[in-house]
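Engineer: Next comes my_file_13.cif, mmCIF, C-alpha atoms and all ligand atoms:
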```cif
data_input
#
loop_
_atom_site.label_atom_id
_atom_site.label_comp_id
_atom_site.auth_asym_id
_atom_site.auth_seq_id
_atom_site.Cartn_x
_atom_site.Cartn_y
_atom_site.Cartn_z
CA MET C 24 15.75 -16.39 -4.32
CA ALA C 25 12.22 -15.26 -3.36
CA ASP C 26 10.64 -12.19 -4.99
CA TYR C 27 10.20 -8.93 -3.09
CA TYR C 28 8.34 -6.07 -4.80
CA LEU C 29 7.23 -2.72 -3.43
CA LEU C 30 4.00 -1.09 -4.52
CA PHE C 31 4.86 2.54 -4.01
CA GLY C 32 2.83 5.70 -4.63
CA PRO C 33 0.50 8.35 -3.21
CA PRO C 34 -2.71 7.80 -1.22
CA GLY C 35 -5.57 6.64 -3.46
CA VAL C 36 -3.44 5.75 -6.49
CA GLY C 37 -4.54 2.10 -6.37
CA LYS C 38 -1.80 0.24 -4.45
CA GLY C 39 -4.25 -1.89 -2.46
CA THR C 40 -6.48 -2.55 -5.47
CA GLN C 41 -3.55 -3.82 -7.51
CA ALA C 42 -1.94 -5.74 -4.64
CA ASP C 43 -5.17 -7.70 -4.09
CA ARG C 44 -5.00 -8.91 -7.70
CA LEU C 45 -1.24 -9.41 -7.91
CA GLU C 46 -0.95 -11.45 -4.72
CA LYS C 47 -3.21 -14.11 -6.26
CA THR C 48 -1.43 -14.15 -9.62
CA LEU C 49 2.07 -14.16 -8.18
CA ASP C 50 1.42 -16.11 -4.96
CA LEU C 51 3.26 -13.60 -2.79
CA ALA C 52 2.35 -12.43 0.72
CA HIS C 53 0.60 -9.03 0.55
CA VAL C 54 1.97 -6.96 3.42
CA ALA C 55 0.23 -3.57 3.69
CA THR C 56 1.18 -1.49 6.71
CA GLY C 57 -2.12 0.45 6.55
CA ASP C 58 -4.03 -2.86 6.73
CA LEU C 59 -1.85 -4.10 9.60
CA PHE C 60 -2.51 -0.90 11.55
CA ARG C 61 -6.26 -1.18 10.86
CA GLU C 62 -6.20 -4.78 12.22
CA HIS C 63 -4.61 -3.47 15.42
CA LEU C 64 -7.22 -0.67 15.61
CA LYS C 65 -10.03 -3.21 15.26
CA LYS C 66 -8.58 -5.39 18.03
CA ASN C 67 -7.91 -2.29 20.15
CA THR C 68 -4.33 -3.38 20.90
CA PRO C 69 -1.86 -0.91 22.50
CA LEU C 70 -0.22 -0.52 19.07
CA GLY C 71 -3.63 0.15 17.53
CA ARG C 72 -4.42 2.81 20.14
CA LEU C 73 -1.06 4.48 19.53
CA ALA C 74 -1.46 4.34 15.73
CA ARG C 75 -4.99 5.79 15.77
CA SER C 76 -3.82 9.24 16.84
CA TYR C 77 -1.53 9.43 13.79
CA ILE C 78 -3.78 7.73 11.23
CA ASP C 79 -6.84 9.85 12.01
CA HIS C 80 -4.73 12.99 11.52
CA GLY C 81 -3.21 11.73 8.27
CA ALA C 82 0.28 11.65 9.82
CA LEU C 83 2.82 8.85 9.57
CA VAL C 84 3.10 6.50 12.53
CA PRO C 85 6.64 6.81 13.99
CA ASP C 86 9.32 4.80 12.16
CA ASP C 87 10.33 2.61 15.11
CA VAL C 88 6.74 1.46 15.66
CA THR C 89 6.13 0.81 11.94
CA ILE C 90 9.43 -0.98 11.38
CA GLY C 91 8.84 -3.15 14.48
CA MET C 92 5.40 -4.13 13.19
CA VAL C 93 6.79 -5.10 9.76
CA ALA C 94 9.68 -7.02 11.36
CA GLU C 95 7.14 -9.03 13.34
CA ARG C 96 5.03 -9.71 10.24
CA MET C 97 8.17 -10.88 8.45
CA THR C 98 8.55 -13.71 10.98
CA ASP C 99 5.36 -15.29 9.54
CA PRO C 100 6.24 -18.29 7.32
CA ASP C 101 4.17 -17.04 4.33
CA THR C 102 6.63 -14.16 3.85
CA GLN C 103 9.40 -16.65 2.96
CA LYS C 104 7.85 -17.21 -0.49
CA GLY C 105 8.28 -13.48 -1.24
CA MET C 106 6.31 -10.34 -0.50
CA LEU C 107 4.35 -7.60 -2.14
CA LEU C 108 4.86 -4.65 0.17
CA ASP C 109 2.15 -1.97 -0.03
CA GLY C 110 2.56 1.37 1.75
CA PHE C 111 5.94 0.46 3.25
CA PRO C 112 8.55 1.92 3.24
CA ARG C 113 7.43 5.55 3.38
CA THR C 114 10.58 7.17 4.78
CA VAL C 115 14.30 6.75 4.16
CA ALA C 116 14.69 5.23 7.65
CA GLN C 117 12.04 2.62 6.78
CA ALA C 118 13.70 1.88 3.43
CA ASP C 119 17.10 1.39 5.09
CA ALA C 120 15.52 -0.87 7.73
CA LEU C 121 13.77 -2.96 5.07
CA SER C 122 16.98 -3.44 3.07
CA LYS C 123 18.71 -4.62 6.23
CA MET C 124 15.89 -6.99 7.21
CA LEU C 125 15.93 -8.53 3.73
CA ALA C 126 19.74 -8.71 3.64
CA ASP C 127 19.64 -10.57 6.97
CA ARG C 128 17.68 -13.32 5.23
CA GLY C 129 19.86 -13.24 2.09
CA GLN C 130 17.22 -11.36 0.06
CA LYS C 131 16.75 -7.99 -1.61
CA ILE C 132 14.10 -5.78 -3.20
CA GLN C 133 13.64 -6.78 -6.86
CA ARG C 134 11.72 -3.71 -8.08
CA VAL C 135 9.90 -0.67 -6.76
CA LEU C 136 6.68 -0.29 -8.75
CA PHE C 137 5.95 3.43 -8.51
CA ILE C 138 2.31 4.06 -9.43
CA THR C 139 1.65 7.74 -9.92
CA ALA C 140 -1.35 9.94 -10.81
CA PRO C 141 -2.27 13.65 -10.63
CA LYS C 142 -3.61 15.01 -7.34
CA ASP C 143 -7.16 15.59 -8.67
CA VAL C 144 -7.40 11.90 -9.64
CA LEU C 145 -6.27 10.87 -6.14
CA ILE C 146 -8.80 13.14 -4.43
CA GLU C 147 -11.60 11.85 -6.67
CA ARG C 148 -10.75 8.20 -5.95
CA LEU C 149 -10.31 8.67 -2.20
CA GLY C 150 -13.58 10.61 -2.05
CA HIS C 151 -15.48 7.61 -3.42
CA ARG C 152 -13.54 4.75 -1.86
CA MET C 153 -15.39 2.27 0.31
CA THR C 154 -13.71 -0.54 2.25
CA CYS C 155 -14.93 -3.75 3.86
CA SER C 156 -14.56 -3.33 7.63
CA ASN C 157 -13.95 -7.06 7.96
CA CYS C 158 -11.63 -8.22 5.13
CA GLY C 159 -10.46 -4.88 3.69
CA THR C 160 -11.77 -5.48 0.13
CA ILE C 161 -11.73 -2.14 -1.70
CA TYR C 162 -14.79 -0.71 -3.49
CA ASN C 163 -15.70 2.58 -5.09
CA ALA C 164 -19.05 4.32 -4.69
CA GLN C 165 -18.93 5.47 -8.33
CA THR C 166 -17.25 2.69 -10.23
CA GLN C 167 -17.13 -0.49 -8.14
CA LEU C 168 -20.03 -0.95 -5.75
CA PRO C 169 -20.65 -4.23 -3.90
CA LYS C 170 -23.56 -6.21 -5.36
CA ASN C 171 -25.67 -5.58 -2.24
CA ALA C 172 -25.38 -2.09 -0.77
CA ARG C 173 -22.83 -2.00 2.05
CA VAL C 174 -22.39 -5.81 2.12
CA CYS C 175 -18.98 -7.12 1.06
CA ASP C 176 -19.11 -9.50 -1.94
CA VAL C 177 -16.18 -11.48 -0.55
CA CYS C 178 -16.99 -12.00 3.14
CA GLY C 179 -20.42 -10.45 3.82
CA GLY C 180 -18.83 -7.84 6.14
CA GLU C 181 -20.03 -4.24 6.37
CA VAL C 182 -18.66 -1.93 3.67
CA ILE C 183 -17.83 1.48 5.17
CA GLN C 184 -15.81 4.63 4.56
CA ARG C 185 -12.36 4.50 6.18
CA SER C 186 -12.07 6.87 9.16
CA ASP C 187 -9.10 8.59 7.44
CA ASP C 188 -11.07 9.22 4.23
CA THR C 189 -12.55 12.54 5.35
CA PRO C 190 -11.69 15.43 2.99
CA ASP C 191 -9.32 17.11 5.52
CA THR C 192 -7.43 13.91 6.31
CA GLN C 193 -7.17 12.97 2.63
CA ARG C 194 -5.57 16.33 1.86
CA LYS C 195 -3.22 15.97 4.82
CA ARG C 196 -2.18 12.45 3.73
CA ILE C 197 -1.29 13.73 0.27
CA GLU C 198 0.73 16.59 1.83
CA VAL C 199 2.58 14.16 4.09
CA TYR C 200 3.30 11.95 1.08
CA LEU C 201 4.78 14.90 -0.83
CA GLU C 202 6.92 15.98 2.14
CA GLN C 203 8.08 12.71 3.66
CA THR C 204 7.70 9.92 1.13
CA ILE C 205 8.49 11.47 -2.27
CA PRO C 206 12.26 11.64 -1.43
CA LEU C 207 12.22 7.86 -1.76
CA VAL C 208 11.71 8.21 -5.52
CA ASP C 209 15.30 9.46 -5.86
CA TYR C 210 16.48 6.95 -3.27
CA PHE C 211 15.16 3.99 -5.29
CA GLU C 212 16.05 5.51 -8.65
CA GLN C 213 19.69 5.85 -7.56
CA ARG C 214 19.64 2.15 -6.69
CA GLY C 215 18.27 1.22 -10.13
CA LEU C 216 15.07 -0.23 -8.68
CA LEU C 217 12.37 2.21 -9.79
CA VAL C 218 9.79 1.52 -12.51
CA THR C 219 7.12 4.19 -13.05
CA ILE C 220 3.56 3.11 -13.87
CA GLN C 221 0.86 5.56 -15.04
CA GLY C 222 -1.84 5.13 -12.39
CA GLU C 223 -4.55 7.26 -14.03
CA GLN C 224 -5.23 4.44 -16.51
CA SER C 225 -7.99 1.88 -15.92
CA ILE C 226 -7.48 -0.76 -13.22
CA ASP C 227 -6.90 -3.42 -15.91
CA ARG C 228 -4.32 -1.33 -17.79
CA VAL C 229 -2.39 -0.53 -14.59
CA TYR C 230 -2.46 -4.23 -13.71
CA ASP C 231 -1.08 -5.17 -17.16
CA ASP C 232 1.72 -2.61 -16.82
CA LEU C 233 2.61 -3.94 -13.37
CA LEU C 234 2.75 -7.54 -14.59
CA HIS C 235 4.87 -6.44 -17.52
CA ALA C 236 7.33 -4.66 -15.19
CA ILE C 237 7.51 -7.72 -12.95
CA GLU C 238 8.14 -10.05 -15.90
CA ALA C 239 10.91 -7.72 -17.09
CA ALA C 240 12.43 -7.74 -13.59
CA LYS C 241 12.42 -11.54 -13.54
CA LYS C 242 14.31 -11.63 -16.86
CA THR C 243 16.93 -9.01 -16.02
CA GLY C 244 17.31 -9.86 -12.31
P1 LIG C 301 -2.58 3.30 3.89
O1 LIG C 301 -3.70 2.41 4.23
O2 LIG C 301 -1.35 2.72 3.31
O3 LIG C 301 -3.15 4.44 2.98
P2 LIG C 301 -2.48 5.27 1.76
O4 LIG C 301 -1.07 5.10 1.41
O5 LIG C 301 -2.89 6.65 2.09
O6 LIG C 301 -3.08 4.63 0.52
P3 LIG C 301 -4.55 4.28 0.33
O7 LIG C 301 -4.82 2.92 0.96
O8 LIG C 301 -5.40 5.42 0.75
O9 LIG C 301 -4.63 4.18 -1.28
P4 LIG C 301 -4.30 3.01 -2.28
O10 LIG C 301 -3.15 3.44 -3.12
O11 LIG C 301 -4.18 1.69 -1.60
O12 LIG C 301 -5.62 3.06 -3.19
P5 LIG C 301 -6.82 2.00 -3.31
O13 LIG C 301 -6.36 0.78 -4.01
O14 LIG C 301 -7.51 1.86 -2.01
O15 LIG C 301 -2.14 4.11 5.18
C1 LIG C 301 -3.09 4.68 6.05
C2 LIG C 301 -2.40 5.35 7.22
O16 LIG C 301 -1.66 4.36 7.99
C3 LIG C 301 -1.34 6.40 6.84
O17 LIG C 301 -1.91 7.66 6.61
C4 LIG C 301 -0.45 6.38 8.10
O18 LIG C 301 -1.06 7.07 9.15
C5 LIG C 301 -0.42 4.91 8.44
N1 LIG C 301 0.68 4.21 7.77
C6 LIG C 301 0.55 3.23 6.81
N2 LIG C 301 1.76 2.82 6.40
C7 LIG C 301 2.66 3.55 7.09
C8 LIG C 301 4.08 3.61 7.07
N3 LIG C 301 4.81 2.82 6.26
N4 LIG C 301 4.71 4.47 7.91
C9 LIG C 301 3.98 5.24 8.76
N5 LIG C 301 2.63 5.27 8.80
C10 LIG C 301 1.98 4.44 7.96
O19 LIG C 301 -7.77 2.80 -4.35
C11 LIG C 301 -8.44 3.99 -3.97
C12 LIG C 301 -9.80 4.06 -4.72
O20 LIG C 301 -9.54 4.22 -6.12
C13 LIG C 301 -10.66 2.81 -4.60
O21 LIG C 301 -12.02 3.19 -4.49
C14 LIG C 301 -10.43 2.03 -5.91
O22 LIG C 301 -11.57 1.27 -6.29
C15 LIG C 301 -10.16 3.18 -6.88
N6 LIG C 301 -9.19 2.83 -7.92
C16 LIG C 301 -7.98 2.21 -7.77
N7 LIG C 301 -7.34 2.13 -8.94
C17 LIG C 301 -8.13 2.72 -9.87
C18 LIG C 301 -8.00 2.95 -11.29
N8 LIG C 301 -6.92 2.57 -11.96
N9 LIG C 301 -9.02 3.58 -11.92
C19 LIG C 301 -10.14 3.99 -11.23
N10 LIG C 301 -10.32 3.81 -9.90
C20 LIG C 301 -9.32 3.17 -9.22
MG MG C 302 -4.22 1.06 0.40
#
```
Please, can you express the file's structure as C-alpha cells?
Structural biologist:
Amino acid sequence: MADYYLLFGPPGVGKGTQADRLEKTLDLAHVATGDLFREHLKKNTPLGRLARSYIDHGALVPDDVTIGMVAERMTDPDTQKGMLLDGFPRTVAQADALSKMLADRGQKIQRVLFITAPKDVLIERLGHRMTCSNCGTIYNAQTQLPKNARVCDVCGGEVIQRSDDTPDTQRKRIEVYLEQTIPLVDYFEQRGLLVTIQGEQSIDRVYDDLLHAIEAAKKTG
C-alpha cells in the first residue's frame, strides 16, 4: 500500500517548508493546492482567473473547484507512489472527497500531521516570507535569504512576496483557517489519524518530529 500523509495547519506554520524536505526523503509526490492554484494563475487559465478572486481576498476557493483540481492531479502517475498533501483538505467536504478518492484506488490516509503555532509566530513568519515566482522555493527575509538578493538559489527565478502575503490578507487567511478549517482537527482526531507537532520549534526540530511521527505510523499501520 502506498503512503498518504497530510501536512495540516494554519497559514505560515511551515507546511510548504517541511513538505519540500520530506518529499525528497520519502520519495512521495508533494501535492499543494496553493501551489497548484498559483501555477494556474501564472498560466492565466480559466481556473486561475477564478481562483485569483478568492486567493487575493484570503478566502477559500469553492470546494467543487478545489476537489476537481486535486482529482485531476491524482491522475498523474507520480501520485501512485504515495502523496504528501499540503493545504488540502481544508473543509469537511474536501476531507470526505479525499477519503473517497483514495478509497476508489484502494488507499487511505495514513496520518494527519497537524503542525501548530501561536498566531503571533504565524504573522511574523508570513510577514517575512519570500517565494520564488518560478519554482516556489520558500525563503524568509529574516532567517533564510537567497544567496543573491531576489534570485532563487534553486532555479535562478525571481524571488518575490506572494500577492496574498499583504498584512490584511494574512489576517483574513488566519481567520478563515480558524472558522472553516479548524473543525477538521476533531474530524481527524475522531478517526485516530491526528498527530500534533509543535511548529514554533526550529525548522530542523519540526522536521525531526515529522519524520518520527511518520516512522511511528509505518510501524503501527
Ligand atoms: P496556501 O498556499 O496553501 O497557503 P496557506 O495555507 O495560507 O499556507 P502558507 O503557504 O501561507 O504557509 P505554510 O504553512 O506553507 O508556510 P511556509 O512553509 O511557506 O494557500 C493559499 C490560498 O490558496 C488560500 O488562501 C486559498 O485561497 C487557496 N487554497 C489553497 N488550498 C485550498 C483549499 N484546499 N481549499 C480552498 N482554497 C485553497 O513558511 C512560512 C514562512 O515561515 C517562510 O518564510 C519559512 O521560511 C518560515 N518558516 C517555516 N518554518 C519555520 C520554522 N520552523 N521556524 C522559523 N521559520 C519558519
Ligand atoms: Mg504553503
Engineer: Counting all atoms listed in the file, which protein, DNA or RNA residues come within 12 Å of ligand MG 302 (chain C), given as a PyMOL selection string?
Structural biologist: chain C and resi 30-43+53-61+108-111+145+148-149+152-154+159-162+185+187-188
Engineer: Next, write the just-selected residues to a file, as a tab-separated table (two decimals), keeping the file's coordinate frame, keeping C-alpha atoms as the atom set.
Structural biologist:
```tsv
chain	number	residue	atom	x	y	z
C	30	LEU	CA	4.00	-1.09	-4.52
C	31	PHE	CA	4.86	2.54	-4.01
C	32	GLY	CA	2.83	5.70	-4.63
C	33	PRO	CA	0.50	8.35	-3.21
C	34	PRO	CA	-2.71	7.80	-1.22
C	35	GLY	CA	-5.57	6.64	-3.46
C	36	VAL	CA	-3.44	5.75	-6.49
C	37	GLY	CA	-4.54	2.10	-6.37
C	38	LYS	CA	-1.80	0.24	-4.45
C	39	GLY	CA	-4.25	-1.89	-2.46
C	40	THR	CA	-6.48	-2.55	-5.47
C	41	GLN	CA	-3.55	-3.82	-7.51
C	42	ALA	CA	-1.94	-5.74	-4.64
C	43	ASP	CA	-5.17	-7.70	-4.09
C	53	HIS	CA	0.60	-9.03	0.55
C	54	VAL	CA	1.97	-6.96	3.42
C	55	ALA	CA	0.23	-3.57	3.69
C	56	THR	CA	1.18	-1.49	6.71
C	57	GLY	CA	-2.12	0.45	6.55
C	58	ASP	CA	-4.03	-2.86	6.73
C	59	LEU	CA	-1.85	-4.10	9.60
C	60	PHE	CA	-2.51	-0.90	11.55
C	61	ARG	CA	-6.26	-1.18	10.86
C	108	LEU	CA	4.86	-4.65	0.17
C	109	ASP	CA	2.15	-1.97	-0.03
C	110	GLY	CA	2.56	1.37	1.75
C	111	PHE	CA	5.94	0.46	3.25
C	145	LEU	CA	-6.27	10.87	-6.14
C	148	ARG	CA	-10.75	8.20	-5.95
C	149	LEU	CA	-10.31	8.67	-2.20
C	152	ARG	CA	-13.54	4.75	-1.86
C	153	MET	CA	-15.39	2.27	0.31
C	154	THR	CA	-13.71	-0.54	2.25
C	159	GLY	CA	-10.46	-4.88	3.69
C	160	THR	CA	-11.77	-5.48	0.13
C	161	ILE	CA	-11.73	-2.14	-1.70
C	162	TYR	CA	-14.79	-0.71	-3.49
C	185	ARG	CA	-12.36	4.50	6.18
C	187	ASP	CA	-9.10	8.59	7.44
C	188	ASP	CA	-11.07	9.22	4.23
```
Engineer: I need the residue nearest C:Leu217 from this list: C:Leu136, C:Val144, C:Val199, C:Leu233. Use all atoms listed in the file for the distance.
Structural biologist: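 For C:Leu217, the nearest of the given residues is C:Leu136.
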Engineer: May I ask for the distance between atom CA of C:Leu83 and atom CA of C:Thr114, given in Å to one decimal place?
Structural biologist: 9.3 Å
Engineer: Residues at most 12 Å from C:Val84, counting only C-alpha atoms, excluding those fewer than 5 positions away in the same chain, as a short mmCIF file (atom, residue, chain, number, x, y, z; two decimals) with C-alpha atoms, in the frame of the given file?
Structural biologist:
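File written: around_5.cif
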```cif
data_model
loop_
_atom_site.label_atom_id
_atom_site.label_comp_id
_atom_site.auth_asym_id
_atom_site.auth_seq_id
_atom_site.Cartn_x
_atom_site.Cartn_y
_atom_site.Cartn_z
CA THR C 56 1.18 -1.49 6.71
CA GLY C 57 -2.12 0.45 6.55
CA PHE C 60 -2.51 -0.90 11.55
CA LEU C 70 -0.22 -0.52 19.07
CA GLY C 71 -3.63 0.15 17.53
CA ARG C 72 -4.42 2.81 20.14
CA LEU C 73 -1.06 4.48 19.53
CA ALA C 74 -1.46 4.34 15.73
CA ARG C 75 -4.99 5.79 15.77
CA SER C 76 -3.82 9.24 16.84
CA TYR C 77 -1.53 9.43 13.79
CA ILE C 78 -3.78 7.73 11.23
CA ASP C 79 -6.84 9.85 12.01
CA THR C 89 6.13 0.81 11.94
CA ILE C 90 9.43 -0.98 11.38
CA GLY C 91 8.84 -3.15 14.48
CA MET C 92 5.40 -4.13 13.19
CA GLY C 110 2.56 1.37 1.75
CA PHE C 111 5.94 0.46 3.25
CA PRO C 112 8.55 1.92 3.24
CA ARG C 113 7.43 5.55 3.38
CA THR C 114 10.58 7.17 4.78
CA GLN C 117 12.04 2.62 6.78
CA ARG C 196 -2.18 12.45 3.73
CA VAL C 199 2.58 14.16 4.09
CA GLN C 203 8.08 12.71 3.66
#
```
Engineer: Between atom C3 of ligand LIG 301 (chain C) and atom CA of C:Ala116, what distance in Å does the model show, to one decimal?
Structural biologist: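 Atom CA of C:Ala116 lies at a distance of 16.1 Å from atom C3 of ligand LIG 301 (chain C).
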Engineer: Calculated over all atoms listed in the file, which of the candidates C:Lys104, C:His151, C:Lys47, C:Lys66 has the smallest distance to ligand LIG 301 (chain C)?
Structural biologist: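 Distance minimum relative to ligand LIG 301 (chain C) lands on C:His151.
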Engineer: Find the residues near C:Val115: any atom within 9 Å, counting all atoms listed in the file, skip ones fewer than 3 places away on the same chain, and give them as number ranges by chain.
Structural biologist: C: 112, 118-120, 203-204, 206-207, 210
Engineer: Out of C:Ser186, C:Gly222, C:Gly179, C:Tyr27, which residue has the shortest atom-to-atom distance to C:Met124 when counting only C-alpha atoms?
Structural biologist: C:Tyr27
Engineer: How many Å lie between atom CA of C:Asp50 and atom CA of C:His235, rounded to one decimal?
Structural biologist: 16.2 Å
Engineer: Using all atoms listed in the file, which residue out of C:Asn163, C:Thr189, C:Asn171, C:Gln213 lies closest to ligand LIG 301 (chain C)?
Structural biologist: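 Residue with the minimum atom-to-atom distance to ligand LIG 301 (chain C): C:Asn163.
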Engineer: With distances taken over only C-alpha atoms, which of C:Pro169, C:Thr102, C:Leu234, C:Val218 is nearest to C:Arg44?
Structural biologist: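 Using only C-alpha atoms, C:Arg44 sits closest to C:Leu234.
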Engineer: Which of these residues is nearest to ligand LIG 301 (chain C), using only C-alpha atoms and all ligand atoms: C:Cys175, C:Met106, C:Ile138, C:Val208?
Structural biologist: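 Ranked by minimum distance to ligand LIG 301 (chain C), first place goes to C:Ile138.
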Engineer: Please, can stretch 80-94 of chain C be completed to N, CA, C and O atoms and returned as a CSV table (one decimal), keeping the file's coordinate frame?
Structural biologist:
```csv
chain,number,residue,atom,x,y,z
C,80,HIS,N,-5.2,11.6,11.9
C,80,HIS,CA,-4.7,13.0,11.5
C,80,HIS,C,-4.0,13.0,10.2
C,80,HIS,O,-3.4,14.0,9.8
C,81,GLY,N,-3.9,11.8,9.6
C,81,GLY,CA,-3.2,11.7,8.3
C,81,GLY,C,-1.7,11.8,8.4
C,81,GLY,O,-1.0,12.0,7.4
C,82,ALA,N,-1.2,11.6,9.6
C,82,ALA,CA,0.3,11.6,9.8
C,82,ALA,C,0.9,10.2,9.7
C,82,ALA,O,0.1,9.2,9.9
C,83,LEU,N,2.2,10.2,9.6
C,83,LEU,CA,2.8,8.8,9.6
C,83,LEU,C,3.0,8.4,11.0
C,83,LEU,O,3.4,9.2,11.9
C,84,VAL,N,2.8,7.1,11.2
C,84,VAL,CA,3.1,6.5,12.5
C,84,VAL,C,4.6,6.5,12.7
C,84,VAL,O,5.3,6.3,11.6
C,85,PRO,N,5.2,6.7,13.9
C,85,PRO,CA,6.6,6.8,14.0
C,85,PRO,C,7.4,5.6,13.4
C,85,PRO,O,6.9,4.5,13.5
C,86,ASP,N,8.6,5.9,12.9
C,86,ASP,CA,9.3,4.8,12.2
C,86,ASP,C,9.6,3.6,13.0
C,86,ASP,O,9.4,2.4,12.6
C,87,ASP,N,10.0,3.8,14.3
C,87,ASP,CA,10.3,2.6,15.1
C,87,ASP,C,9.1,1.7,15.3
C,87,ASP,O,9.3,0.5,15.2
C,88,VAL,N,8.0,2.3,15.5
C,88,VAL,CA,6.7,1.5,15.7
C,88,VAL,C,6.4,0.7,14.4
C,88,VAL,O,6.1,-0.5,14.4
C,89,THR,N,6.5,1.4,13.2
C,89,THR,CA,6.1,0.8,11.9
C,89,THR,C,7.1,-0.3,11.6
C,89,THR,O,6.7,-1.4,11.1
C,90,ILE,N,8.4,0.0,11.7
C,90,ILE,CA,9.4,-1.0,11.4
C,90,ILE,C,9.3,-2.2,12.3
C,90,ILE,O,9.4,-3.4,11.8
C,91,GLY,N,9.0,-2.0,13.6
C,91,GLY,CA,8.8,-3.2,14.5
C,91,GLY,C,7.7,-4.0,14.0
C,91,GLY,O,7.8,-5.3,14.1
C,92,MET,N,6.6,-3.4,13.6
C,92,MET,CA,5.4,-4.1,13.2
C,92,MET,C,5.7,-5.0,11.9
C,92,MET,O,5.3,-6.1,11.8
C,93,VAL,N,6.4,-4.4,11.0
C,93,VAL,CA,6.8,-5.1,9.8
C,93,VAL,C,7.8,-6.2,10.1
C,93,VAL,O,7.6,-7.4,9.6
C,94,ALA,N,8.7,-6.0,11.0
C,94,ALA,CA,9.7,-7.0,11.4
C,94,ALA,C,8.9,-8.2,11.9
C,94,ALA,O,9.3,-9.4,11.6
```
